[in-house]
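K.L.:
Just dropping this structure here.
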Amino acid sequence: MTLAIVLAAGSPAASLPAGDGTALVDRLAAQWRAAGVTDVRFAADLDELADLAGGSTGPVVVSGADLVAHTAVLRHLVTSPVGPTVALVLTDPPAGGRTTVREERGQVVDAGPAHRLDGEATGIFGGAVRVGRDDLPALVAAARAAATGRLADVAAGHGDGGGPRVEPPGPAVDQVFTGLTAQGVLVFAQRVRLLVAHRVDDESGLSGARAEVAEVDEDRAELRLSVKEKDDFFTTYFVSTWSPYVTKAAARLGLSPTGVTMLSVAFAVAAAALFASGGRLALVTGGVLLYLGFVLDCVDGQLARYTRNFSAWGGWLDTMADRAKEYVVYAGLGWGATAAGVRYGWALAIAAMTLQTVRHMTDAWYGVLHDEAARRPKAVGTGGGGIGDRLNAASTKVQADTGSLSYWLKRTVVFPIGERWALIALAAALFNQRIALLAVLTWGVLAFAYTGALRTLRARWMWVPVLDTLDATLHRDDGPLAARFPVARRPGPLVLALLAVLPTILVLLATWGYGEAYPRWTVLLALVGLLLAAGGAGAAHNGPLDWLVPAALRAGEYLFAIAVGVIGQAPAWLIFGYVFVLTLHHYDLVARLEKRQPAPPLHPATLGWEGRSVLLAVAAIAGIASTGLATLGIYLLVLFVASVVLAWFVRPARVPAGAGRSTTI
């Protein structure tokens with residue numbers, strides 16, 4: 001249950017007439033109710049605000065009395081899925097002592113008067129903030145401090161002083177917001193697009209704001225807002241131009257975002273089956289179905305934004321479904337290529353899946369790195385004008401030049417999902433399955449090299465550790481065996497993880513040249529090399545590039561499993577299936593990282609990357625590699641399904657009513 005507190009203290013706009021016989025403050029309260037807030041209260045002063053917030057068991061919305069906006073703007077703030085604490089940010093010029101903010105990657109990283117931000121402000125605080133349950137103590141502390149004029153003490157008590165400095169107060173709601181950010185609370189920014197929101201001081205400002213609100217068709221704007229503001233080239237020009245019509249129809253039919261996700265999965269599976277069967281008509285039809293499946297993949301997110309139907313389960317399912325669909329399509333292409341006489345059809349599919357997963361792991365952890373850097377701006381860069389500074393400045397300039405050639409080149413060269421699905425559909429329809437897989441691999445390798453090189457340089461410049469701020473054991477996917485290895489602090493966990501991959505690569509290359517009946521004992525060489533990475537499990541992961549450790553470990557485990565299958569002469573489709581199950585497990589970890597969810601319920605039973613690799617090595621030496629891959633794969637799949645049921649259905653059902661669970665994560 002969400003509580004909204006309208007703070008009228010010190011606001012001359014509170015008593016302004018709203019034009020319908022009520023005061024502006026009463027009209028705003030009615031809008032919060034229409035936006036989905038179950039309980040709306042008024043606070044006469046900051047102490048009353050602190051008392052109300054302190055007694056809440058769910059999220060709290062704090063709003064000033066000077067906000068004039070579409071009800072949809074308020075609803076978007078209440079239901080925003082980006083994080084538990086979200087603030088409204090406007091582009092209006094600063095006035096009346098209102099707080100200005102500086103944002104990076106959608107986060108408010110600094111807040112204060114315009115003169116202190118010294119031209120670095122990116123907007124002003126919009127007079128409304130939704131505070132997550134875990135951040136309520138900070139909200140109460142900010143309100144108490146503002147009430148006694150001791151905001152500076154709140155900032156001084158924030159750890160090492162890394163939070164924003166607090167300046168003399170402005171309006172009461174701005175004081176509270178500034179005190180909240182001063183304590184280091186992670187605050188996401190909600191921008192207003194297409195709709196209208198303004199803070200007003202007098203009747204003239206109120207009249208102008210109301211006129212702007214009346215000029216905009218709220219529902220039509222919300223439908224347009226369901227499309228991502230910045231998307232990739234193919235999605236922007238070949239999907240989003242007409243997908244909102246599908247979104248509107250889905251809403252009228254009462255479909256849920258999860259239902260549309262399942263339809264998208266069905267289209268992708270059908271496309272994969274057609275790619276596997278082969279024949280020109282089947283390949284063309286498969287390409288069309290793949291395109292339509294991608295349209296539905298966009299529609300599920302648009303429908304969630306349009307209907308404000310968000311949930312942690314839906315976000316997790318969408319992430320997992322995207323990867324599963326893509327890899328099922330790779331399987332269909334591999335099957336079809338092999339059936340068409342391509343000797344290494346399945347090998348190409350396995351390579352494409354492995355490459356894409358490792359790429360996604362680096363993407364996810366680089367995003368974590370950037371978010372951590374945004375929260376600690378003082379730790380970013382030395383200001384020496386080095387290559388990191390120049391790359392950062394160039395990237396910022398290109399991203400700001402929306403719609404330019406350089407902007408689209410930058411977004412396209414990284415090979416996003418829309419471009420991948422378009423390339424697969426076209427290559428399969430115009431040529432064949434082998435060409436489609438080779439095209440994906442070629443572009444994927446080039447994109448990986450490009451992003452890897454630039455991100456490595458920028459990360460060394462940032463020098464912001466991220467793995468030591470999280471559960472490194474969980475995200476390394478270490479098992480009980482790694483925990484018992486002697487700790488090797490030199491040369492560091494990343495170097496150990498990279499070195500561990502080399503023996504497996506050498507064994508695979510030797511197997512390729514040797515042919516069949518390659519000696520089974522050589523799998524021990526790859527295993528011993530792989531286990532080197534376990535020495536870094538207990539070491540500090542605070543190097544500038546240690547965010548690459550999870551991806552390196554994923555590459556090592558996948559390659560080792562492939563080597564076991566090749567040496568043990570297991571069917572290629574079985575090797576693909578085993579690696580596919582591993583990717584589900586690892587994407588689950590990444591999705592939970594991005595959605596701020598805890599570890600899967602049965603995670604310890606997955607044995608860790610090193611435990612699974614030891615079992616496969618034993619199976620290979622015993623001459624039962626196929627049996628080992630199948631048995632371990634089925635075991636991991638059962639664990640994965642059981643964890644999903646426990647995490648998303650069984651455990652939430654046991655939470656007692658009224659426990660204050662938020663559905664807007």
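Residue numbering restarts at 1 for every chain of the structure tokens, chains are lettered A, B, ... in their displayed order, and ligands are numbered from 1 as they appear.
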I'd like the neighbourhood of Val78 of chain A as a count of residues only, where a residue qualifies if any of its atoms comes within 8 Å (using only C-alpha atoms), though same-chain residues fewer than 3 positions away should be ignored.
P.N.:
8
K.L.:
With a distance cut-off of 6 Å and only C-alpha atoms, select the neighbouring residues of segment 350-355 of chain A, excluding the residue or stretch itself and same-chain residues fewer than 3 positions from it, and output the selection as an mmCIF file with C-alpha atoms, in the first residue's frame.
P.N.:
data_model
loop_
_atom_site.group_PDB
_atom_site.id
_atom_site.type_symbol
_atom_site.label_atom_id
_atom_site.label_comp_id
_atom_site.auth_asym_id
_atom_site.auth_seq_id
_atom_site.Cartn_x
_atom_site.Cartn_y
_atom_site.Cartn_z
ATOM 1 C CA ALA A 347 29.141 -25.978 -33.745
ATOM 2 C CA VAL A 358 29.613 -13.807 -22.611
ATOM 3 C CA LEU A 441 29.055 -14.706 -35.355
ATOM 4 C CA PHE A 576 24.190 -27.236 -27.125
#
K.L.:
So that I can check the surroundings of Ala436 of chain A, please list as a list in words every protein, DNA and RNA residue that reaches within 6 Å of it, counting only C-alpha atoms and ignoring chain neighbours fewer than 4 positions away.
P.N.:
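Contacts, with the query itself left out: Ile424, Ala427 and Ala428 of chain A.
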K.L.:
Just give me the gap between atom CA of Tyr407 of chain A and atom CA of Ala121 of chain A in Å, one decimal is fine.
P.N.:
23.4 Å
K.L.:
Near Val564 of chain A, counting only C-alpha atoms, which residues have an atom at most 12 Å away, once you skip same-chain residues fewer than 4 positions from it, shown as a ChimeraX atom specification?
P.N.:
/A:504-505,507-508,511,518-527,557-560,568-572,574-575,578-579,612-629
K.L.:
Next, dump the selected residues to file, keeping only N, CA and C atoms, as a tab-separated table (two decimals), in the first residue's frame.
P.N.:
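What ended up in out36.tsv:
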chain	number	residue	atom	x	y	z
A	504	THR	N	41.88	-24.83	-21.88
A	504	THR	CA	40.72	-25.40	-22.55
A	504	THR	C	40.72	-25.05	-24.04
A	505	ILE	N	41.09	-23.81	-24.35
A	505	ILE	CA	41.16	-23.41	-25.76
A	505	ILE	C	42.20	-24.25	-26.50
A	507	VAL	N	43.24	-27.27	-25.73
A	507	VAL	CA	42.73	-28.64	-25.88
A	507	VAL	C	41.72	-28.71	-27.02
A	508	LEU	N	40.83	-27.70	-27.10
A	508	LEU	CA	39.84	-27.68	-28.18
A	508	LEU	C	40.51	-27.58	-29.55
A	511	THR	N	42.06	-30.88	-30.35
A	511	THR	CA	41.02	-31.85	-30.71
A	511	THR	C	40.56	-31.64	-32.14
A	518	TYR	N	40.24	-38.65	-29.67
A	518	TYR	CA	41.26	-37.86	-28.97
A	518	TYR	C	41.39	-38.40	-27.55
A	519	PRO	N	42.60	-38.51	-26.99
A	519	PRO	CA	42.79	-39.09	-25.65
A	519	PRO	C	41.93	-38.40	-24.59
A	520	ARG	N	41.16	-39.22	-23.84
A	520	ARG	CA	40.25	-38.64	-22.87
A	520	ARG	C	40.97	-37.99	-21.69
A	521	TRP	N	42.16	-38.48	-21.37
A	521	TRP	CA	42.86	-37.95	-20.19
A	521	TRP	C	43.23	-36.48	-20.35
A	522	THR	N	43.28	-35.99	-21.59
A	522	THR	CA	43.68	-34.59	-21.79
A	522	THR	C	42.66	-33.61	-21.20
A	523	VAL	N	41.45	-34.12	-20.90
A	523	VAL	CA	40.49	-33.23	-20.27
A	523	VAL	C	40.97	-32.79	-18.90
A	524	LEU	N	41.85	-33.59	-18.28
A	524	LEU	CA	42.42	-33.21	-16.99
A	524	LEU	C	43.29	-31.96	-17.10
A	525	LEU	N	44.00	-31.83	-18.23
A	525	LEU	CA	44.82	-30.64	-18.43
A	525	LEU	C	43.95	-29.38	-18.46
A	526	ALA	N	42.84	-29.49	-19.18
A	526	ALA	CA	41.93	-28.35	-19.23
A	526	ALA	C	41.32	-28.07	-17.86
A	527	LEU	N	41.00	-29.14	-17.10
A	527	LEU	CA	40.38	-28.96	-15.79
A	527	LEU	C	41.35	-28.30	-14.81
A	557	GLU	N	33.83	-21.89	-18.23
A	557	GLU	CA	32.97	-23.06	-17.98
A	557	GLU	C	32.33	-23.55	-19.27
A	558	TYR	N	31.85	-22.65	-20.10
A	558	TYR	CA	31.21	-23.08	-21.35
A	558	TYR	C	32.20	-23.81	-22.25
A	559	LEU	N	33.38	-23.24	-22.41
A	559	LEU	CA	34.38	-23.86	-23.28
A	559	LEU	C	34.80	-25.22	-22.74
A	560	PHE	N	34.90	-25.34	-21.41
A	560	PHE	CA	35.27	-26.63	-20.83
A	560	PHE	C	34.19	-27.67	-21.10
A	568	GLY	N	34.56	-36.46	-25.52
A	568	GLY	CA	33.74	-37.63	-25.25
A	568	GLY	C	32.83	-38.02	-26.39
A	569	GLN	N	32.93	-37.34	-27.53
A	569	GLN	CA	32.15	-37.63	-28.73
A	569	GLN	C	30.64	-37.62	-28.44
A	570	ALA	N	30.22	-36.65	-27.63
A	570	ALA	CA	28.80	-36.49	-27.35
A	570	ALA	C	28.11	-35.85	-28.56
A	571	PRO	N	26.84	-36.10	-28.76
A	571	PRO	CA	26.13	-35.45	-29.87
A	571	PRO	C	26.19	-33.93	-29.72
A	572	ALA	N	26.34	-33.25	-30.84
A	572	ALA	CA	26.46	-31.79	-30.80
A	572	ALA	C	25.22	-31.14	-30.21
A	574	LEU	N	23.39	-32.30	-27.89
A	574	LEU	CA	23.43	-32.46	-26.45
A	574	LEU	C	24.35	-31.42	-25.81
A	575	ILE	N	25.49	-31.17	-26.46
A	575	ILE	CA	26.39	-30.12	-25.96
A	575	ILE	C	25.67	-28.78	-25.96
A	578	TYR	N	23.18	-28.64	-23.05
A	578	TYR	CA	23.79	-28.45	-21.74
A	578	TYR	C	24.22	-26.99	-21.54
A	579	VAL	N	24.88	-26.43	-22.54
A	579	VAL	CA	25.31	-25.04	-22.42
A	579	VAL	C	24.10	-24.12	-22.33
A	612	ARG	N	30.64	-28.29	-11.10
A	612	ARG	CA	30.06	-28.86	-12.32
A	612	ARG	C	31.15	-29.33	-13.28
A	613	SER	N	32.22	-28.55	-13.38
A	613	SER	CA	33.31	-28.91	-14.30
A	613	SER	C	34.03	-30.18	-13.85
A	614	VAL	N	34.22	-30.34	-12.54
A	614	VAL	CA	34.86	-31.56	-12.03
A	614	VAL	C	34.01	-32.78	-12.35
A	615	LEU	N	32.71	-32.68	-12.15
A	615	LEU	CA	31.82	-33.81	-12.46
A	615	LEU	C	31.88	-34.18	-13.94
A	616	LEU	N	31.90	-33.17	-14.80
A	616	LEU	CA	31.98	-33.46	-16.24
A	616	LEU	C	33.32	-34.09	-16.59
A	617	ALA	N	34.40	-33.63	-15.95
A	617	ALA	CA	35.71	-34.22	-16.22
A	617	ALA	C	35.74	-35.69	-15.83
A	618	VAL	N	35.14	-36.03	-14.68
A	618	VAL	CA	35.08	-37.42	-14.24
A	618	VAL	C	34.28	-38.25	-15.24
A	619	ALA	N	33.17	-37.71	-15.72
A	619	ALA	CA	32.36	-38.43	-16.70
A	619	ALA	C	33.12	-38.65	-18.00
A	620	ALA	N	33.89	-37.65	-18.43
A	620	ALA	CA	34.65	-37.78	-19.67
A	620	ALA	C	35.72	-38.85	-19.55
A	621	ILE	N	36.45	-38.84	-18.45
A	621	ILE	CA	37.52	-39.83	-18.26
A	621	ILE	C	36.93	-41.24	-18.15
A	622	ALA	N	35.73	-41.34	-17.56
A	622	ALA	CA	35.08	-42.64	-17.43
A	622	ALA	C	34.45	-43.11	-18.73
A	623	GLY	N	34.49	-42.26	-19.75
A	623	GLY	CA	33.93	-42.64	-21.04
A	623	GLY	C	32.43	-42.49	-21.14
A	624	ILE	N	31.83	-41.70	-20.25
A	624	ILE	CA	30.38	-41.49	-20.27
A	624	ILE	C	30.07	-39.99	-20.35
A	625	ALA	N	30.76	-39.30	-21.23
A	625	ALA	CA	30.57	-37.86	-21.35
A	625	ALA	C	29.13	-37.51	-21.70
A	626	SER	N	28.52	-38.26	-22.61
A	626	SER	CA	27.14	-37.97	-23.00
A	626	SER	C	26.19	-38.14	-21.81
A	627	THR	N	26.40	-39.21	-21.07
A	627	THR	CA	25.57	-39.45	-19.90
A	627	THR	C	25.77	-38.34	-18.86
A	628	GLY	N	27.03	-37.93	-18.69
A	628	GLY	CA	27.32	-36.86	-17.73
A	628	GLY	C	26.67	-35.55	-18.11
A	629	LEU	N	26.77	-35.18	-19.39
A	629	LEU	CA	26.17	-33.94	-19.85
A	629	LEU	C	24.66	-33.98	-19.71
K.L.:
Please provide as a list in words all residues within 12 Å of Ile634 of chain A, with the sequence filter that same-chain residues fewer than 2 positions apart are discarded (counting only C-alpha atoms).
P.N.:
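My reading of the contact set: Leu574, Gly577, Tyr578, Val579, Phe580, Val581, Leu582, Thr606, Thr627, Gly628, Leu629, Ala630, Thr631, Leu632, Leu636, Leu637, Val638, Leu639, Phe640 and Val641 of chain A.
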K.L.:
For those residues, write N, CA, C and O atoms to a file as a compact mmCIF listing (two decimals), in the first residue's frame.
P.N.:
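Wrote it out as result-v6.txt, contents follow:
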# COMPACT_ATOMS: atom_id res chain seq x y z
N LEU A 574 23.39 -32.30 -27.89
CA LEU A 574 23.43 -32.46 -26.45
C LEU A 574 24.35 -31.42 -25.81
O LEU A 574 24.04 -30.87 -24.75
N GLY A 577 22.47 -28.26 -25.77
CA GLY A 577 21.45 -28.27 -24.73
C GLY A 577 22.03 -28.04 -23.35
O GLY A 577 21.44 -27.30 -22.53
N TYR A 578 23.18 -28.64 -23.05
CA TYR A 578 23.79 -28.45 -21.74
C TYR A 578 24.22 -26.99 -21.54
O TYR A 578 23.94 -26.39 -20.49
N VAL A 579 24.88 -26.43 -22.54
CA VAL A 579 25.31 -25.04 -22.42
C VAL A 579 24.10 -24.12 -22.33
O VAL A 579 24.11 -23.11 -21.60
N PHE A 580 23.03 -24.45 -23.03
CA PHE A 580 21.80 -23.65 -22.97
C PHE A 580 21.25 -23.62 -21.54
O PHE A 580 20.85 -22.57 -21.03
N VAL A 581 21.24 -24.76 -20.87
CA VAL A 581 20.77 -24.80 -19.48
C VAL A 581 21.67 -23.96 -18.59
O VAL A 581 21.20 -23.24 -17.70
N LEU A 582 22.99 -24.02 -18.82
CA LEU A 582 23.91 -23.18 -18.05
C LEU A 582 23.60 -21.69 -18.25
O LEU A 582 23.66 -20.91 -17.31
N THR A 606 23.45 -25.83 -7.01
CA THR A 606 23.94 -25.85 -8.39
C THR A 606 25.42 -26.22 -8.47
O THR A 606 25.95 -26.35 -9.58
N THR A 627 26.40 -39.21 -21.07
CA THR A 627 25.57 -39.45 -19.90
C THR A 627 25.77 -38.34 -18.86
O THR A 627 24.81 -37.86 -18.24
N GLY A 628 27.03 -37.93 -18.69
CA GLY A 628 27.32 -36.86 -17.73
C GLY A 628 26.67 -35.55 -18.11
O GLY A 628 26.07 -34.86 -17.27
N LEU A 629 26.77 -35.18 -19.39
CA LEU A 629 26.17 -33.94 -19.85
C LEU A 629 24.66 -33.98 -19.71
O LEU A 629 24.03 -33.01 -19.25
N ALA A 630 24.05 -35.10 -20.08
CA ALA A 630 22.59 -35.21 -20.01
C ALA A 630 22.11 -35.19 -18.56
O ALA A 630 21.16 -34.47 -18.22
N THR A 631 22.77 -35.97 -17.71
CA THR A 631 22.33 -36.06 -16.32
C THR A 631 22.49 -34.73 -15.59
O THR A 631 21.56 -34.26 -14.91
N LEU A 632 23.67 -34.12 -15.72
CA LEU A 632 23.91 -32.85 -15.05
C LEU A 632 23.02 -31.75 -15.62
O LEU A 632 22.53 -30.89 -14.88
N LEU A 636 20.33 -29.60 -13.43
CA LEU A 636 20.35 -28.14 -13.34
C LEU A 636 19.04 -27.53 -13.83
O LEU A 636 18.57 -26.53 -13.27
N LEU A 637 18.45 -28.13 -14.84
CA LEU A 637 17.17 -27.63 -15.34
C LEU A 637 16.07 -27.79 -14.30
O LEU A 637 15.25 -26.88 -14.09
N VAL A 638 16.05 -28.94 -13.63
CA VAL A 638 15.06 -29.17 -12.57
C VAL A 638 15.26 -28.16 -11.44
O VAL A 638 14.30 -27.59 -10.91
N LEU A 639 16.52 -27.92 -11.05
CA LEU A 639 16.81 -26.94 -10.02
C LEU A 639 16.35 -25.55 -10.43
O LEU A 639 15.79 -24.79 -9.63
N PHE A 640 16.59 -25.21 -11.70
CA PHE A 640 16.19 -23.89 -12.21
C PHE A 640 14.68 -23.71 -12.12
O PHE A 640 14.19 -22.69 -11.61
N VAL A 641 13.94 -24.70 -12.60
CA VAL A 641 12.48 -24.61 -12.58
C VAL A 641 11.97 -24.56 -11.14
O VAL A 641 11.08 -23.76 -10.80
K.L.:
Mind giving me the straight-line distance from atom CA of Ala497 of chain A to atom CA of Leu446 of chain A in Å, one decimal?
P.N.:
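Atom-to-atom, atom CA of Ala497 of chain A and atom CA of Leu446 of chain A are spaced 22.5 Å apart.
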K.L.:
Nearest to Ser80 of chain A among A:His198, A:Arg308, A:Lys325, A:Arg41, with distances taken over only C-alpha atoms: which residue is it?
P.N.:
A:Arg308
K.L.:
Determine, counting only C-alpha atoms, which protein, DNA and RNA residues have an atom within 12 Å of an atom of Thr442 of chain A; residues of the same chain fewer than 3 positions away are not included. Present the result as a PDB file with N, CA, C and O atoms, in the first residue's frame.
P.N.:
ATOM      1  N   LEU A 348      28.442 -24.038 -35.046  1.00  0.00           N
ATOM      2  CA  LEU A 348      28.192 -22.610 -35.245  1.00  0.00           C
ATOM      3  C   LEU A 348      27.137 -22.100 -34.269  1.00  0.00           C
ATOM      4  O   LEU A 348      27.257 -20.997 -33.714  1.00  0.00           O
ATOM      5  N   ALA A 351      28.699 -21.851 -30.838  1.00  0.00           N
ATOM      6  CA  ALA A 351      29.599 -20.693 -30.787  1.00  0.00           C
ATOM      7  C   ALA A 351      28.816 -19.389 -30.677  1.00  0.00           C
ATOM      8  O   ALA A 351      29.184 -18.489 -29.912  1.00  0.00           O
ATOM      9  N   ALA A 352      27.716 -19.282 -31.442  1.00  0.00           N
ATOM     10  CA  ALA A 352      26.902 -18.062 -31.390  1.00  0.00           C
ATOM     11  C   ALA A 352      26.295 -17.870 -30.008  1.00  0.00           C
ATOM     12  O   ALA A 352      26.282 -16.749 -29.468  1.00  0.00           O
ATOM     13  N   LEU A 355      29.182 -16.960 -27.453  1.00  0.00           N
ATOM     14  CA  LEU A 355      29.639 -15.588 -27.664  1.00  0.00           C
ATOM     15  C   LEU A 355      28.614 -14.582 -27.148  1.00  0.00           C
ATOM     16  O   LEU A 355      28.971 -13.627 -26.444  1.00  0.00           O
ATOM     17  N   GLN A 356      27.342 -14.802 -27.489  1.00  0.00           N
ATOM     18  CA  GLN A 356      26.322 -13.835 -27.097  1.00  0.00           C
ATOM     19  C   GLN A 356      26.147 -13.789 -25.585  1.00  0.00           C
ATOM     20  O   GLN A 356      25.948 -12.709 -25.003  1.00  0.00           O
ATOM     21  N   VAL A 413      26.484  -0.460 -34.195  1.00  0.00           N
ATOM     22  CA  VAL A 413      27.702  -1.254 -34.263  1.00  0.00           C
ATOM     23  C   VAL A 413      27.812  -2.239 -33.102  1.00  0.00           C
ATOM     24  O   VAL A 413      28.463  -3.278 -33.222  1.00  0.00           O
ATOM     25  N   PHE A 415      25.597  -4.161 -32.104  1.00  0.00           N
ATOM     26  CA  PHE A 415      24.809  -5.336 -32.472  1.00  0.00           C
ATOM     27  C   PHE A 415      23.718  -5.645 -31.438  1.00  0.00           C
ATOM     28  O   PHE A 415      23.702  -6.722 -30.846  1.00  0.00           O
ATOM     29  N   ARG A 420      20.164  -7.989 -34.375  1.00  0.00           N
ATOM     30  CA  ARG A 420      20.456  -9.432 -34.453  1.00  0.00           C
ATOM     31  C   ARG A 420      19.285 -10.178 -35.064  1.00  0.00           C
ATOM     32  O   ARG A 420      19.462 -11.014 -35.959  1.00  0.00           O
ATOM     33  N   LEU A 423      18.965  -9.389 -38.768  1.00  0.00           N
ATOM     34  CA  LEU A 423      19.995 -10.055 -39.567  1.00  0.00           C
ATOM     35  C   LEU A 423      19.691 -11.535 -39.728  1.00  0.00           C
ATOM     36  O   LEU A 423      19.827 -12.093 -40.828  1.00  0.00           O
ATOM     37  N   ILE A 435      24.595 -19.363 -43.410  1.00  0.00           N
ATOM     38  CA  ILE A 435      24.931 -17.951 -43.606  1.00  0.00           C
ATOM     39  C   ILE A 435      24.397 -17.113 -42.451  1.00  0.00           C
ATOM     40  O   ILE A 435      25.061 -16.178 -41.975  1.00  0.00           O
ATOM     41  N   ALA A 436      23.197 -17.441 -41.973  1.00  0.00           N
ATOM     42  CA  ALA A 436      22.626 -16.691 -40.857  1.00  0.00           C
ATOM     43  C   ALA A 436      23.504 -16.802 -39.617  1.00  0.00           C
ATOM     44  O   ALA A 436      23.789 -15.803 -38.940  1.00  0.00           O
ATOM     45  N   LEU A 437      23.961 -18.014 -39.307  1.00  0.00           N
ATOM     46  CA  LEU A 437      24.811 -18.203 -38.131  1.00  0.00           C
ATOM     47  C   LEU A 437      26.168 -17.536 -38.307  1.00  0.00           C
ATOM     48  O   LEU A 437      26.702 -16.914 -37.374  1.00  0.00           O
ATOM     49  N   LEU A 438      26.745 -17.653 -39.490  1.00  0.00           N
ATOM     50  CA  LEU A 438      28.042 -17.012 -39.745  1.00  0.00           C
ATOM     51  C   LEU A 438      27.925 -15.493 -39.655  1.00  0.00           C
ATOM     52  O   LEU A 438      28.829 -14.818 -39.143  1.00  0.00           O
ATOM     53  N   ALA A 439      26.814 -14.946 -40.146  1.00  0.00           N
ATOM     54  CA  ALA A 439      26.613 -13.496 -40.079  1.00  0.00           C
ATOM     55  C   ALA A 439      26.510 -13.030 -38.624  1.00  0.00           C
ATOM     56  O   ALA A 439      27.108 -12.023 -38.236  1.00  0.00           O
ATOM     57  N   VAL A 445      31.403 -10.928 -33.125  1.00  0.00           N
ATOM     58  CA  VAL A 445      32.823 -10.840 -32.765  1.00  0.00           C
ATOM     59  C   VAL A 445      33.326  -9.406 -32.926  1.00  0.00           C
ATOM     60  O   VAL A 445      34.044  -8.875 -32.066  1.00  0.00           O
ATOM     61  N   LEU A 446      32.974  -8.760 -34.033  1.00  0.00           N
ATOM     62  CA  LEU A 446      33.405  -7.383 -34.257  1.00  0.00           C
ATOM     63  C   LEU A 446      32.838  -6.444 -33.189  1.00  0.00           C
ATOM     64  O   LEU A 446      33.541  -5.567 -32.677  1.00  0.00           O
ATOM     65  N   ALA A 447      31.558  -6.640 -32.846  1.00  0.00           N
ATOM     66  CA  ALA A 447      30.942  -5.796 -31.821  1.00  0.00           C
ATOM     67  C   ALA A 447      31.599  -6.024 -30.466  1.00  0.00           C
ATOM     68  O   ALA A 447      31.834  -5.073 -29.705  1.00  0.00           O
ATOM     69  N   PHE A 448      31.913  -7.277 -30.163  1.00  0.00           N
ATOM     70  CA  PHE A 448      32.562  -7.600 -28.889  1.00  0.00           C
ATOM     71  C   PHE A 448      33.940  -6.959 -28.812  1.00  0.00           C
ATOM     72  O   PHE A 448      34.344  -6.410 -27.775  1.00  0.00           O
ATOM     73  N   ALA A 449      34.679  -7.018 -29.913  1.00  0.00           N
ATOM     74  CA  ALA A 449      36.014  -6.414 -29.937  1.00  0.00           C
ATOM     75  C   ALA A 449      35.930  -4.898 -29.763  1.00  0.00           C
ATOM     76  O   ALA A 449      36.712  -4.299 -29.010  1.00  0.00           O
TER      77      ALA A 449
END
K.L.:
With DSSP run on the backbone, what are the alpha helix (DSSP H) residues within segment 318-392 of chain A? I'd like them as a PyMOL selection string.
P.N.:
chain A and resi 318-339+345-375+387-392
K.L.:
Have a look at A:Ala44, A:Leu545, A:Ala304, A:Leu530 and name the one nearest to Arg458 of chain A; count only C-alpha atoms.
P.N.:
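Closest to Arg458 of chain A of all the choices is A:Leu545.
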K.L.:
Residues at most 7 Å from segment 175-180 of chain A, counting only C-alpha atoms, excluding those fewer than 5 positions away in the same chain, as a ChimeraX atom specification?
P.N.:
/A:111-112,138-139,142-143,146,151,154,166,169-170,185
K.L.:
Rank nothing, just name the residue among A:Phe485, A:Gly96, A:Leu391, A:Ala563 nearest to Leu509 of chain A, using only C-alpha atoms.
P.N.:
A:Ala563
K.L.:
Go through A:Arg224, A:Leu502, A:Gly278, A:Lys230 and flag the residue nearest Ala400 of chain A, using only C-alpha atoms for the distances.
P.N.:
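Nearest candidate to Ala400 of chain A out of A:Arg224, A:Leu502, A:Gly278, A:Lys230: A:Lys230.
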K.L.:
Could you work out how far atom CA of Ala364 of chain A lies from atom CA of Phe125 of chain A, giving the answer in Å with one decimal?
P.N.:
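According to the coordinates, atom CA of Phe125 of chain A and atom CA of Ala364 of chain A are separated by 29.2 Å.
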K.L.:
With distances taken over only C-alpha atoms, which of A:Ile5, A:Ile417, A:Val566, A:Ala250 is nearest to Val299 of chain A?
P.N.:
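Comparing A:Ile5, A:Ile417, A:Val566, A:Ala250 against Val299 of chain A, the winner is A:Ala250.
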